[in-house]
Amino acid sequence: MPALLPSWAWVTGLTVGATAAVVVLAMQADRGPHPTAASVRPGSSASAGAHHPGSAKPKPKASAPALPANSGTGRRIVYSLGQKRVWLADASGGTVRSFTVWPGSVGPDPGNYVISRTRAAATGSDGVQIEHILYFAGKSGLSIAFSNAVDGTSPPPAKAGRKTGGIRMHKEDGAALWTFGTEPNTKVRVVD
């Protein structure tokens, strides 16, 4: 006669299995196309489904600004100087990810570029240990590149008169940009 498992073991096993299934589905959904929805103003009667009395209303999710209109087409990295924001656009032109950045004191001119060189880690011109370095432009004798601090901190303001060409971001955004930008011939479009 087989040994019976205690009920807590069954519950634990089912919970672990369900959690794993949700994680796998969430990862698959994150890789697929992301539909955009019209924004809903607070107090609007629009809803995604039937409202049941007593149920909590979902809070609207903050969404990133749309890709700038003049940002090109196809798979590319879009960097807005004015918004201090980066978008990763897939081949169909949809936004895969968007995040804010901390630009250096010297920025690239608006235009089209290609990731010209990558480097896993180095010391930035400000003395900070950085990683996920994607070089794409040069200006005023400086290389301009995306990167993130190894320790995940934001860069301190540049000291007066010091020129820096690094465009820094949060650590998780740096990892995502590295994965996206290390594909050969990745385009970068810089807009105002």
# chains A, B, ... in the order shown; residues from 1 in each chain; ligands from 1

call {"tool": "closest_atom_pairs", "arguments": {"of": "segment 88-189 of chain A", "to": "segment 69-75 of chain A", "cutoff": "10 Å", "atoms": "only C-alpha atoms", "output": "JSON lines"}}
result
{"residue": "A:Leu88", "atom": "CA", "partner": "A:Arg75", "partner_atom": "CA", "distance": 7.8}
{"residue": "A:Ala89", "atom": "CA", "partner": "A:Arg75", "partner_atom": "CA", "distance": 5.3}
{"residue": "A:Asp90", "atom": "CA", "partner": "A:Arg75", "partner_atom": "CA", "distance": 4.4}
{"residue": "A:Ala91", "atom": "CA", "partner": "A:Arg75", "partner_atom": "CA", "distance": 4.1}
{"residue": "A:Ser92", "atom": "CA", "partner": "A:Gly74", "partner_atom": "CA", "distance": 5.9}
{"residue": "A:Gly93", "atom": "CA", "partner": "A:Gly74", "partner_atom": "CA", "distance": 5.4}
{"residue": "A:Gly94", "atom": "CA", "partner": "A:Arg75", "partner_atom": "CA", "distance": 8.8}
{"residue": "A:Thr95", "atom": "CA", "partner": "A:Arg75", "partner_atom": "CA", "distance": 9.6}
{"residue": "A:Val96", "atom": "CA", "partner": "A:Arg75", "partner_atom": "CA", "distance": 9.9}
{"residue": "A:Gly111", "atom": "CA", "partner": "A:Ser71", "partner_atom": "CA", "distance": 9.3}
{"residue": "A:Asn112", "atom": "CA", "partner": "A:Gly72", "partner_atom": "CA", "distance": 8.8}
{"residue": "A:Phe180", "atom": "CA", "partner": "A:Arg75", "partner_atom": "CA", "distance": 9.5}
{"residue": "A:Thr186", "atom": "CA", "partner": "A:Arg75", "partner_atom": "CA", "distance": 7.5}
{"residue": "A:Lys187", "atom": "CA", "partner": "A:Arg75", "partner_atom": "CA", "distance": 7.2}
{"residue": "A:Val188", "atom": "CA", "partner": "A:Arg75", "partner_atom": "CA", "distance": 9.2}
{"residue": "A:Arg189", "atom": "CA", "partner": "A:Ser71", "partner_atom": "CA", "distance": 6.1}

call {"tool": "select_by_dssp", "arguments": {"residues": "segment 67-187 of chain A", "states": "strand (DSSP E or B)", "output": "NGL selection string"}}
result
:A and (76-80 or 85-89 or 95-100 or 102 or 111-114 or 117-123 or 129-139 or 142-149 or 166-169 or 187)

call {"tool": "atom_distance", "arguments": {"atom1": "atom CA of Pro156 of chain A", "atom2": "atom CA of Thr118 of chain A"}}
result
23.6 Å

call {"tool": "closest_residue", "arguments": {"among": "A:Val86, A:Val114, A:Ala145, A:Ala175", "to": "Val101 of chain A", "atoms": "only C-alpha atoms"}}
result
A:Val86

call {"tool": "select_by_dssp", "arguments": {"residues": "segment 57-182 of chain A", "states": "helix (DSSP H, G or I)", "output": "list in words"}}
result
Lys171, Glu172, Asp173, Gly174, Ala175, Ala176, Leu177, Trp178, Thr179, Phe180 and Gly181 of chain A

call {"tool": "write_last_selection", "arguments": {"atoms": "N, CA, C and O atoms", "output": "compact mmCIF listing (two decimals), in the first residue's frame"}}
result
# COMPACT_ATOMS: atom_id res chain seq x y z
N LYS A 171 20.06 49.79 -12.90
CA LYS A 171 20.75 48.52 -13.18
C LYS A 171 19.90 47.57 -14.03
O LYS A 171 20.38 47.00 -15.00
N GLU A 172 18.61 47.40 -13.69
CA GLU A 172 17.77 46.46 -14.45
C GLU A 172 17.52 46.97 -15.87
O GLU A 172 17.41 46.19 -16.81
N ASP A 173 17.45 48.29 -16.04
CA ASP A 173 17.30 48.85 -17.38
C ASP A 173 18.59 48.67 -18.18
O ASP A 173 18.55 48.40 -19.39
N GLY A 174 19.73 48.80 -17.52
CA GLY A 174 21.01 48.57 -18.17
C GLY A 174 21.14 47.14 -18.68
O GLY A 174 21.62 46.90 -19.79
N ALA A 175 20.69 46.19 -17.88
CA ALA A 175 20.74 44.77 -18.30
C ALA A 175 19.82 44.54 -19.51
O ALA A 175 20.20 43.85 -20.46
N ALA A 176 18.63 45.14 -19.49
CA ALA A 176 17.69 44.99 -20.62
C ALA A 176 18.26 45.64 -21.88
O ALA A 176 18.18 45.07 -22.97
N LEU A 177 18.85 46.82 -21.73
CA LEU A 177 19.42 47.51 -22.89
C LEU A 177 20.61 46.73 -23.45
O LEU A 177 20.78 46.62 -24.66
N TRP A 178 21.41 46.14 -22.57
CA TRP A 178 22.56 45.32 -23.00
C TRP A 178 22.08 44.14 -23.85
O TRP A 178 22.60 43.89 -24.93
N THR A 179 21.06 43.45 -23.37
CA THR A 179 20.52 42.30 -24.11
C THR A 179 19.99 42.75 -25.48
O THR A 179 20.24 42.11 -26.50
N PHE A 180 19.29 43.86 -25.50
CA PHE A 180 18.71 44.38 -26.74
C PHE A 180 19.79 44.95 -27.67
O PHE A 180 19.77 44.71 -28.88
N GLY A 181 20.73 45.69 -27.13
CA GLY A 181 21.68 46.45 -27.93
C GLY A 181 22.90 45.70 -28.41
O GLY A 181 23.63 46.21 -29.26
